[in-house]
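Containing PDB, C-alpha atoms, pLDDT in the B column: final06.pdb.
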```pdb
ATOM      1  CA  MET M   1      12.654  -3.136  11.829  1.00 46.00           C
ATOM      2  CA  LYS M   2      10.240  -5.330  13.757  1.00 47.00           C
ATOM      3  CA  LEU M   3       7.087  -4.114  12.061  1.00 43.00           C
ATOM      4  CA  ARG M   4       4.557  -5.636  14.489  1.00 41.00           C
ATOM      5  CA  ALA M   5       4.802  -2.765  17.009  1.00 41.00           C
ATOM      6  CA  ARG M   6       4.672  -0.090  14.316  1.00 43.00           C
ATOM      7  CA  VAL M   7       1.890  -1.886  12.433  1.00 41.00           C
ATOM      8  CA  ALA M   8      -0.154  -2.121  15.657  1.00 38.00           C
ATOM      9  CA  ALA M   9      -0.003   1.663  15.944  1.00 38.00           C
ATOM     10  CA  VAL M  10      -1.062   2.030  12.319  1.00 38.00           C
ATOM     11  CA  VAL M  11      -4.010  -0.333  12.743  1.00 36.00           C
ATOM     12  CA  SER M  12      -5.594   2.117  15.173  1.00 33.00           C
ATOM     13  CA  LEU M  13      -5.541   4.832  12.490  1.00 33.00           C
ATOM     14  CA  SER M  14      -8.892   4.988  10.683  1.00 30.00           C
ATOM     15  CA  LEU M  15      -9.378   6.340   7.191  1.00 29.00           C
ATOM     16  CA  THR M  16     -11.328   9.262   8.622  1.00 28.00           C
ATOM     17  CA  ALA M  17      -8.449  10.251  10.882  1.00 31.00           C
ATOM     18  CA  ALA M  18      -5.962   9.898   8.039  1.00 30.00           C
ATOM     19  CA  CYS M  19      -7.984  12.071   5.678  1.00 30.00           C
ATOM     20  CA  GLY M  20      -9.015  14.764   8.132  1.00 30.00           C
ATOM     21  CA  ALA M  21     -11.253  17.659   7.173  1.00 28.00           C
ATOM     22  CA  ARG M  22      -9.697  18.081   3.721  1.00 29.00           C
ATOM     23  CA  ALA M  23     -11.444  15.002   2.303  1.00 31.00           C
ATOM     24  CA  ARG M  24     -13.589  15.803  -0.734  1.00 31.00           C
ATOM     25  CA  THR M  25     -17.180  14.634  -0.813  1.00 32.00           C
ATOM     26  CA  ASP M  26     -17.408  14.003  -4.534  1.00 36.00           C
ATOM     27  CA  ASP M  27     -16.927  10.551  -6.007  1.00 37.00           C
ATOM     28  CA  ALA M  28     -14.318  11.514  -8.605  1.00 35.00           C
ATOM     29  CA  PRO M  29     -11.525   9.001  -9.093  1.00 35.00           C
ATOM     30  CA  VAL M  30      -8.149   9.961  -7.724  1.00 34.00           C
ATOM     31  CA  VAL M  31      -5.924  12.263  -9.732  1.00 33.00           C
ATOM     32  CA  ALA M  32      -2.154  11.904  -9.648  1.00 33.00           C
ATOM     33  CA  PRO M  33      -1.120  13.634  -6.393  1.00 36.00           C
ATOM     34  CA  THR M  34       2.521  14.487  -6.944  1.00 35.00           C
ATOM     35  CA  ALA M  35       3.918  12.681  -9.943  1.00 37.00           C
ATOM     36  CA  THR M  36       7.458  13.849 -10.562  1.00 37.00           C
ATOM     37  CA  ALA M  37       7.261  13.909 -14.348  1.00 35.00           C
ATOM     38  CA  SER M  38       4.579  14.680 -16.886  1.00 34.00           C
ATOM     39  CA  ALA M  39       5.348  11.598 -18.960  1.00 35.00           C
ATOM     40  CA  PRO M  40       4.803   8.145 -17.441  1.00 36.00           C
ATOM     41  CA  SER M  41       7.964   6.659 -15.975  1.00 40.00           C
ATOM     42  CA  PRO M  42       8.891   3.053 -16.697  1.00 42.00           C
ATOM     43  CA  PRO M  43       7.835   0.744 -13.867  1.00 47.00           C
ATOM     44  CA  PRO M  44      10.612   0.188 -11.319  1.00 52.00           C
ATOM     45  CA  ALA M  45      12.302  -3.182 -11.770  1.00 46.00           C
ATOM     46  CA  SER M  46      11.245  -4.204  -8.259  1.00 45.00           C
ATOM     47  CA  VAL M  47       7.563  -3.841  -9.190  1.00 50.00           C
ATOM     48  CA  GLN M  48       8.067  -6.356 -11.973  1.00 45.00           C
ATOM     49  CA  SER M  49      10.049  -8.899  -9.938  1.00 40.00           C
ATOM     50  CA  ALA M  50       8.996 -12.007  -8.007  1.00 45.00           C
ATOM     51  CA  SER M  51       5.782 -13.992  -8.248  1.00 57.00           C
ATOM     52  CA  LEU M  52       3.280 -15.498  -5.844  1.00 55.00           C
ATOM     53  CA  PRO M  53       2.925 -19.206  -5.117  1.00 56.00           C
ATOM     54  CA  ARG M  54      -0.064 -20.949  -6.689  1.00 62.00           C
ATOM     55  CA  ASP M  55      -1.590 -21.990  -3.352  1.00 70.00           C
ATOM     56  CA  ILE M  56      -2.712 -18.717  -1.789  1.00 80.00           C
ATOM     57  CA  GLU M  57      -5.648 -17.441   0.234  1.00 88.00           C
ATOM     58  CA  TRP M  58      -7.687 -14.562  -1.219  1.00 88.00           C
ATOM     59  CA  LEU M  59      -8.759 -11.830   1.200  1.00 88.00           C
ATOM     60  CA  ASP M  60     -11.776  -9.649   0.400  1.00 84.00           C
ATOM     61  CA  ALA M  61     -10.966  -5.949   0.766  1.00 81.00           C
ATOM     62  CA  GLY M  62     -14.061  -4.174  -0.463  1.00 78.00           C
ATOM     63  CA  ASN M  63     -13.908  -3.779  -4.222  1.00 85.00           C
ATOM     64  CA  VAL M  64     -10.604  -5.691  -4.543  1.00 90.00           C
ATOM     65  CA  ARG M  65      -9.208  -9.055  -3.490  1.00 91.00           C
ATOM     66  CA  VAL M  66      -5.728  -9.358  -1.997  1.00 92.00           C
ATOM     67  CA  PRO M  67      -3.625 -12.505  -2.356  1.00 93.00           C
ATOM     68  CA  ASN M  68      -2.192 -13.775   0.932  1.00 93.00           C
ATOM     69  CA  PRO M  69       0.671 -16.296   0.702  1.00 92.00           C
ATOM     70  CA  GLY M  70       0.531 -17.101   4.428  1.00 92.00           C
ATOM     71  CA  TRP M  71       1.114 -13.727   6.076  1.00 95.00           C
ATOM     72  CA  ALA M  72      -0.769 -12.977   9.321  1.00 94.00           C
ATOM     73  CA  PRO M  73      -3.860 -10.844   8.516  1.00 92.00           C
ATOM     74  CA  ARG M  74      -5.526  -8.355  10.848  1.00 88.00           C
ATOM     75  CA  ASN M  75      -8.265  -5.757  10.343  1.00 82.00           C
ATOM     76  CA  GLU M  76      -9.501  -2.828  12.334  1.00 75.00           C
ATOM     77  CA  GLY M  77     -12.064  -0.553  10.805  1.00 77.00           C
ATOM     78  CA  ASP M  78     -10.921   0.576   7.368  1.00 80.00           C
ATOM     79  CA  VAL M  79      -7.335  -0.595   7.867  1.00 85.00           C
ATOM     80  CA  GLY M  80      -6.070  -4.052   6.932  1.00 89.00           C
ATOM     81  CA  VAL M  81      -2.650  -5.403   7.865  1.00 91.00           C
ATOM     82  CA  LEU M  82      -0.565  -8.341   6.666  1.00 94.00           C
ATOM     83  CA  VAL M  83       2.531  -9.244   8.705  1.00 93.00           C
ATOM     84  CA  ALA M  84       5.216 -11.451   7.156  1.00 95.00           C
ATOM     85  CA  PRO M  85       6.323 -14.652   8.873  1.00 93.00           C
ATOM     86  CA  GLY M  86       9.207 -13.774  11.179  1.00 91.00           C
ATOM     87  CA  GLU M  87       7.895 -10.194  11.402  1.00 90.00           C
ATOM     88  CA  LYS M  88      10.564  -8.953   8.982  1.00 91.00           C
ATOM     89  CA  GLY M  89       8.043  -7.035   6.887  1.00 92.00           C
ATOM     90  CA  GLY M  90       4.429  -6.059   6.486  1.00 92.00           C
ATOM     91  CA  LEU M  91       1.727  -4.368   4.458  1.00 94.00           C
ATOM     92  CA  VAL M  92      -0.944  -1.869   5.498  1.00 92.00           C
ATOM     93  CA  PHE M  93      -4.041  -1.295   3.328  1.00 92.00           C
ATOM     94  CA  THR M  94      -6.866   1.241   3.395  1.00 89.00           C
ATOM     95  CA  HIS M  95      -9.197   3.006   0.969  1.00 89.00           C
ATOM     96  CA  PHE M  96      -9.221   6.576  -0.258  1.00 89.00           C
ATOM     97  CA  ARG M  97     -11.374   8.628  -2.632  1.00 87.00           C
ATOM     98  CA  SER M  98      -9.467  11.731  -3.708  1.00 84.00           C
ATOM     99  CA  ALA M  99      -5.984  13.044  -4.388  1.00 79.00           C
ATOM    100  CA  ASP M 100      -6.201  15.160  -1.215  1.00 82.00           C
ATOM    101  CA  GLU M 101      -6.924  12.058   0.848  1.00 87.00           C
ATOM    102  CA  ALA M 102      -4.071  10.231  -0.883  1.00 83.00           C
ATOM    103  CA  ARG M 103      -1.529  12.908   0.060  1.00 81.00           C
ATOM    104  CA  ASP M 104      -2.749  12.902   3.662  1.00 86.00           C
ATOM    105  CA  ILE M 105      -2.629   9.116   3.917  1.00 86.00           C
ATOM    106  CA  VAL M 106       0.937   8.861   2.591  1.00 84.00           C
ATOM    107  CA  ARG M 107       2.123  11.478   5.081  1.00 83.00           C
ATOM    108  CA  ASP M 108       0.135  10.125   8.046  1.00 85.00           C
ATOM    109  CA  PHE M 109       1.047   6.479   7.544  1.00 83.00           C
ATOM    110  CA  SER M 110       4.709   7.395   7.064  1.00 80.00           C
ATOM    111  CA  GLU M 111       4.613   9.151  10.453  1.00 80.00           C
ATOM    112  CA  LYS M 112       2.649   6.379  12.194  1.00 79.00           C
ATOM    113  CA  LEU M 113       5.177   3.732  11.130  1.00 76.00           C
ATOM    114  CA  GLY M 114       7.735   5.524  13.284  1.00 78.00           C
ATOM    115  CA  MET M 115      10.512   5.481  10.702  1.00 81.00           C
ATOM    116  CA  LYS M 116      13.346   7.981  11.122  1.00 84.00           C
ATOM    117  CA  ASP M 117      15.041   9.652   8.174  1.00 86.00           C
ATOM    118  CA  LEU M 118      12.451   8.165   5.824  1.00 88.00           C
ATOM    119  CA  THR M 119      13.092   9.447   2.317  1.00 91.00           C
ATOM    120  CA  TRP M 120      10.997   8.627  -0.739  1.00 92.00           C
ATOM    121  CA  GLY M 121      12.325   8.273  -4.249  1.00 94.00           C
ATOM    122  CA  PRO M 122      10.561   9.546  -7.364  1.00 96.00           C
ATOM    123  CA  VAL M 123       6.915   8.683  -7.959  1.00 94.00           C
ATOM    124  CA  ALA M 124       6.344   6.376 -10.933  1.00 95.00           C
ATOM    125  CA  LYS M 125       3.124   5.620 -12.813  1.00 95.00           C
ATOM    126  CA  VAL M 126       2.685   1.839 -12.930  1.00 95.00           C
ATOM    127  CA  PHE M 127      -0.035  -0.816 -13.312  1.00 94.00           C
ATOM    128  CA  PHE M 128      -0.847  -3.516 -10.766  1.00 92.00           C
ATOM    129  CA  GLY M 129      -2.614  -6.846 -11.053  1.00 90.00           C
ATOM    130  CA  PRO M 130      -4.248  -8.751 -13.873  1.00 91.00           C
ATOM    131  CA  ASP M 131      -6.827  -5.953 -14.118  1.00 92.00           C
ATOM    132  CA  ARG M 132      -4.002  -3.450 -14.708  1.00 94.00           C
ATOM    133  CA  PHE M 133      -5.081  -0.955 -12.071  1.00 94.00           C
ATOM    134  CA  PRO M 134      -3.212   2.331 -12.686  1.00 95.00           C
ATOM    135  CA  ALA M 135      -1.178   3.406  -9.679  1.00 94.00           C
ATOM    136  CA  LEU M 136       1.377   5.846  -8.384  1.00 94.00           C
ATOM    137  CA  PHE M 137       4.291   4.009  -6.792  1.00 96.00           C
ATOM    138  CA  ALA M 138       7.324   5.125  -4.810  1.00 95.00           C
ATOM    139  CA  GLU M 139      10.067   3.377  -2.855  1.00 96.00           C
ATOM    140  CA  GLY M 140      11.958   4.715   0.127  1.00 94.00           C
ATOM    141  CA  ARG M 141      14.418   3.927   2.869  1.00 94.00           C
ATOM    142  CA  GLY M 142      14.671   4.789   6.526  1.00 91.00           C
ATOM    143  CA  LEU M 143      15.590   3.608  10.007  1.00 90.00           C
ATOM    144  CA  ASP M 144      13.236   2.197  12.609  1.00 80.00           C
ATOM    145  CA  ALA M 145      13.270   3.366  16.244  1.00 75.00           C
ATOM    146  CA  LYS M 146      16.146   0.959  16.987  1.00 78.00           C
ATOM    147  CA  GLY M 147      18.203   2.164  14.033  1.00 86.00           C
ATOM    148  CA  VAL M 148      17.519  -0.923  11.878  1.00 85.00           C
ATOM    149  CA  PRO M 149      17.499   0.062   8.190  1.00 93.00           C
ATOM    150  CA  GLY M 150      14.431  -0.778   6.170  1.00 93.00           C
ATOM    151  CA  LYS M 151      13.141  -0.468   2.642  1.00 95.00           C
ATOM    152  CA  MET M 152       9.585   0.805   2.113  1.00 93.00           C
ATOM    153  CA  PHE M 153       7.129   1.387  -0.708  1.00 96.00           C
ATOM    154  CA  TYR M 154       3.683   2.812  -1.162  1.00 94.00           C
ATOM    155  CA  ALA M 155       1.133   2.547  -3.938  1.00 95.00           C
ATOM    156  CA  LEU M 156      -1.947   4.648  -4.622  1.00 93.00           C
ATOM    157  CA  ILE M 157      -4.044   2.279  -6.717  1.00 94.00           C
ATOM    158  CA  GLU M 158      -6.958   3.627  -8.746  1.00 93.00           C
ATOM    159  CA  THR M 159      -9.695   0.985  -9.016  1.00 91.00           C
ATOM    160  CA  GLY M 160     -12.094   2.879 -11.298  1.00 88.00           C
ATOM    161  CA  GLU M 161     -14.607   3.064  -8.455  1.00 86.00           C
ATOM    162  CA  THR M 162     -15.179   5.533  -5.633  1.00 82.00           C
ATOM    163  CA  HIS M 163     -12.955   3.556  -3.246  1.00 86.00           C
ATOM    164  CA  ASN M 164      -9.338   3.384  -4.371  1.00 92.00           C
ATOM    165  CA  VAL M 165      -6.651   1.428  -2.525  1.00 92.00           C
ATOM    166  CA  PHE M 166      -3.666   2.757  -0.597  1.00 93.00           C
ATOM    167  CA  VAL M 167      -1.009   0.258   0.415  1.00 94.00           C
ATOM    168  CA  MET M 168       2.256   0.840   2.247  1.00 93.00           C
ATOM    169  CA  GLY M 169       4.700  -1.985   2.742  1.00 93.00           C
ATOM    170  CA  GLY M 170       8.251  -2.737   3.570  1.00 93.00           C
ATOM    171  CA  ALA M 171      10.804  -5.032   5.085  1.00 94.00           C
ATOM    172  CA  ASP M 172      14.057  -4.970   6.961  1.00 93.00           C
ATOM    173  CA  GLU M 173      16.962  -4.142   4.672  1.00 94.00           C
ATOM    174  CA  ASP M 174      18.402  -7.624   5.341  1.00 94.00           C
ATOM    175  CA  ALA M 175      15.176  -9.313   4.135  1.00 95.00           C
ATOM    176  CA  PRO M 176      15.007  -8.646   0.369  1.00 95.00           C
ATOM    177  CA  ALA M 177      12.926 -11.789  -0.247  1.00 95.00           C
ATOM    178  CA  VAL M 178      10.264 -10.481   2.158  1.00 96.00           C
ATOM    179  CA  TYR M 179      10.279  -7.126   0.343  1.00 95.00           C
ATOM    180  CA  ASP M 180       9.868  -8.891  -3.010  1.00 95.00           C
ATOM    181  CA  GLU M 181       7.004 -10.980  -1.630  1.00 95.00           C
ATOM    182  CA  ALA M 182       5.276  -7.831  -0.320  1.00 95.00           C
ATOM    183  CA  LEU M 183       5.490  -6.339  -3.815  1.00 95.00           C
ATOM    184  CA  SER M 184       4.180  -9.585  -5.286  1.00 93.00           C
ATOM    185  CA  ILE M 185       1.134  -9.420  -3.026  1.00 95.00           C
ATOM    186  CA  VAL M 186       0.377  -5.919  -4.291  1.00 94.00           C
ATOM    187  CA  ARG M 187       1.020  -6.973  -7.884  1.00 93.00           C
ATOM    188  CA  GLY M 188      -1.604  -9.706  -7.423  1.00 93.00           C
ATOM    189  CA  ILE M 189      -4.465  -7.426  -6.337  1.00 93.00           C
ATOM    190  CA  ARG M 190      -7.520  -7.959  -8.527  1.00 93.00           C
ATOM    191  CA  LYS M 191     -11.152  -6.909  -8.801  1.00 91.00           C
ATOM    192  CA  ASN M 192     -13.536  -8.453  -6.298  1.00 87.00           C
ATOM    193  CA  GLU M 193     -16.288  -9.635  -8.617  1.00 82.00           C
ATOM    194  CA  THR M 194     -18.595 -10.421  -5.677  1.00 74.00           C
ATOM    195  CA  ALA M 195     -18.452  -6.892  -4.188  1.00 56.00           C
ATOM    196  CA  PRO M 196     -21.164  -4.352  -5.090  1.00 55.00           C
ATOM    197  CA  ARG M 197     -19.919  -1.889  -7.707  1.00 53.00           C
ATOM    198  CA  ARG M 198     -19.391   1.718  -6.614  1.00 50.00           C
ATOM    199  CA  THR M 199     -18.587   3.590  -9.773  1.00 46.00           C
ATOM    200  CA  PRO M 200     -17.739   7.284  -9.845  1.00 46.00           C
TER     201      PRO M 200
END
```
Please, can you express the file's structure as structure tokens?
Amino acid sequence: MKLRARVAAVVSLSLTAACGARARTDDAPVVAPTATASAPSPPPASVQSASLPRDIEWLDAGNVRVPNPGWAPRNEGDVGVLVAPGEKGGLVFTHFRSADEARDIVRDFSEKLGMKDLTWGPVAKVFFGPDRFPALFAEGRGLDAKGVPGKMFYALIETGETHNVFVMGGADEDAPAVYDEALSIVRGIRKNETAPRRTP
């Protein structure tokens, strides 16, 4: 699932295009878009696995900082991309404000990645990072345009400010270490103490 070509297509997608006309104008924090159960689910084991190396670069992403253990970063507009060494996986980041935007972004980014037969598992309520950002998390599987199987995930991370974080990541099915490292990057997201606060 060489992600570089699919990620390049995603980079051209701006937050405005992803959210469309249904975006709300209020500054309310995101509400759970489609949780599958009323009670919180236990975090998936994969969210809890793997850890980052101590020597990492920190990337500013608005109101959060993202740990980068040596992946190739790119930005265009409101979309940030990290591509794993060997191009066996990647992460795409953007911001969102409302539950409506979150639903649109999940659908639009899933389509832009060009995965076939992409199916998502149940949505779980989890926490990410040392600041314990609440998030909705789901994992899925699909085939790229060449029929290579891949494992994907997305997280809708509520930061407590007007700009929440959407991240979608994944790796080729034969690269579980890359998948674990992608999850570790997301698990390491923390508040950007130098960014101006934008509270709801």
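Ranking M:Val178, M:Val81, M:Ala171, M:Leu156 by their shortest atom-to-atom distance to M:Arg103, with all atoms listed in the file included, puts M:Leu156 first.
Put simply, atom CA of M:Ile185 is 23.0 Å away from atom CA of M:Thr119.
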Name all residues at most 7 Å from stretch 89-97 of chain M (count all atoms listed in the file; drop same-chain ones fewer than 5 positions away) and give them as a short mmCIF file (atom, residue, chain, number, x, y, z; two decimals) with C-alpha atoms, in the coordinates of the input.
```cif
data_model
loop_
_atom_site.label_atom_id
_atom_site.label_comp_id
_atom_site.auth_asym_id
_atom_site.auth_seq_id
_atom_site.Cartn_x
_atom_site.Cartn_y
_atom_site.Cartn_z
CA LEU M 3 7.09 -4.11 12.06
CA LEU M 15 -9.38 6.34 7.19
CA ASP M 27 -16.93 10.55 -6.01
CA PRO M 29 -11.52 9.00 -9.09
CA VAL M 30 -8.15 9.96 -7.72
CA ASP M 78 -10.92 0.58 7.37
CA VAL M 79 -7.34 -0.60 7.87
CA GLY M 80 -6.07 -4.05 6.93
CA VAL M 81 -2.65 -5.40 7.86
CA LEU M 82 -0.56 -8.34 6.67
CA VAL M 83 2.53 -9.24 8.70
CA ALA M 84 5.22 -11.45 7.16
CA ALA M 102 -4.07 10.23 -0.88
CA THR M 162 -15.18 5.53 -5.63
CA HIS M 163 -12.96 3.56 -3.25
CA ASN M 164 -9.34 3.38 -4.37
CA VAL M 165 -6.65 1.43 -2.52
CA PHE M 166 -3.67 2.76 -0.60
CA VAL M 167 -1.01 0.26 0.42
CA MET M 168 2.26 0.84 2.25
CA GLY M 169 4.70 -1.98 2.74
CA GLY M 170 8.25 -2.74 3.57
CA ALA M 171 10.80 -5.03 5.08
CA ASP M 172 14.06 -4.97 6.96
CA VAL M 178 10.26 -10.48 2.16
CA TYR M 179 10.28 -7.13 0.34
CA ALA M 182 5.28 -7.83 -0.32
#
```
request  = Write out as number ranges by chain the residues lying within 6 Å of stretch 64-70 of chain M, counting only C-alpha atoms and excluding same-chain residues fewer than 2 positions away.
outcome  = M: 56-62, 185, 189-192
Limited to C-alpha atoms, could you put the picked residues into a file as a short mmCIF file (atom, residue, chain, number, x, y, z; two decimals), keeping the file's coordinate frame?
```
data_model
loop_
_atom_site.label_atom_id
_atom_site.label_comp_id
_atom_site.auth_asym_id
_atom_site.auth_seq_id
_atom_site.Cartn_x
_atom_site.Cartn_y
_atom_site.Cartn_z
CA ILE M 56 -2.71 -18.72 -1.79
CA GLU M 57 -5.65 -17.44 0.23
CA TRP M 58 -7.69 -14.56 -1.22
CA LEU M 59 -8.76 -11.83 1.20
CA ASP M 60 -11.78 -9.65 0.40
CA ALA M 61 -10.97 -5.95 0.77
CA GLY M 62 -14.06 -4.17 -0.46
CA ILE M 185 1.13 -9.42 -3.03
CA ILE M 189 -4.46 -7.43 -6.34
CA ARG M 190 -7.52 -7.96 -8.53
CA LYS M 191 -11.15 -6.91 -8.80
CA ASN M 192 -13.54 -8.45 -6.30
#
```
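With atom CA of M:Phe137 on one side and atom CA of M:Val186 on the other, the separation reads 11.0 Å.
Using all atoms listed in the file, the nearest neighbour of M:Thr194 within the list M:Asn63, M:Ala124, M:Glu101, M:Gly147 is M:Asn63.
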query = Quick one, how far is atom CA of M:Met152 from atom CA of M:Ser110?
reply = 9.6 Å
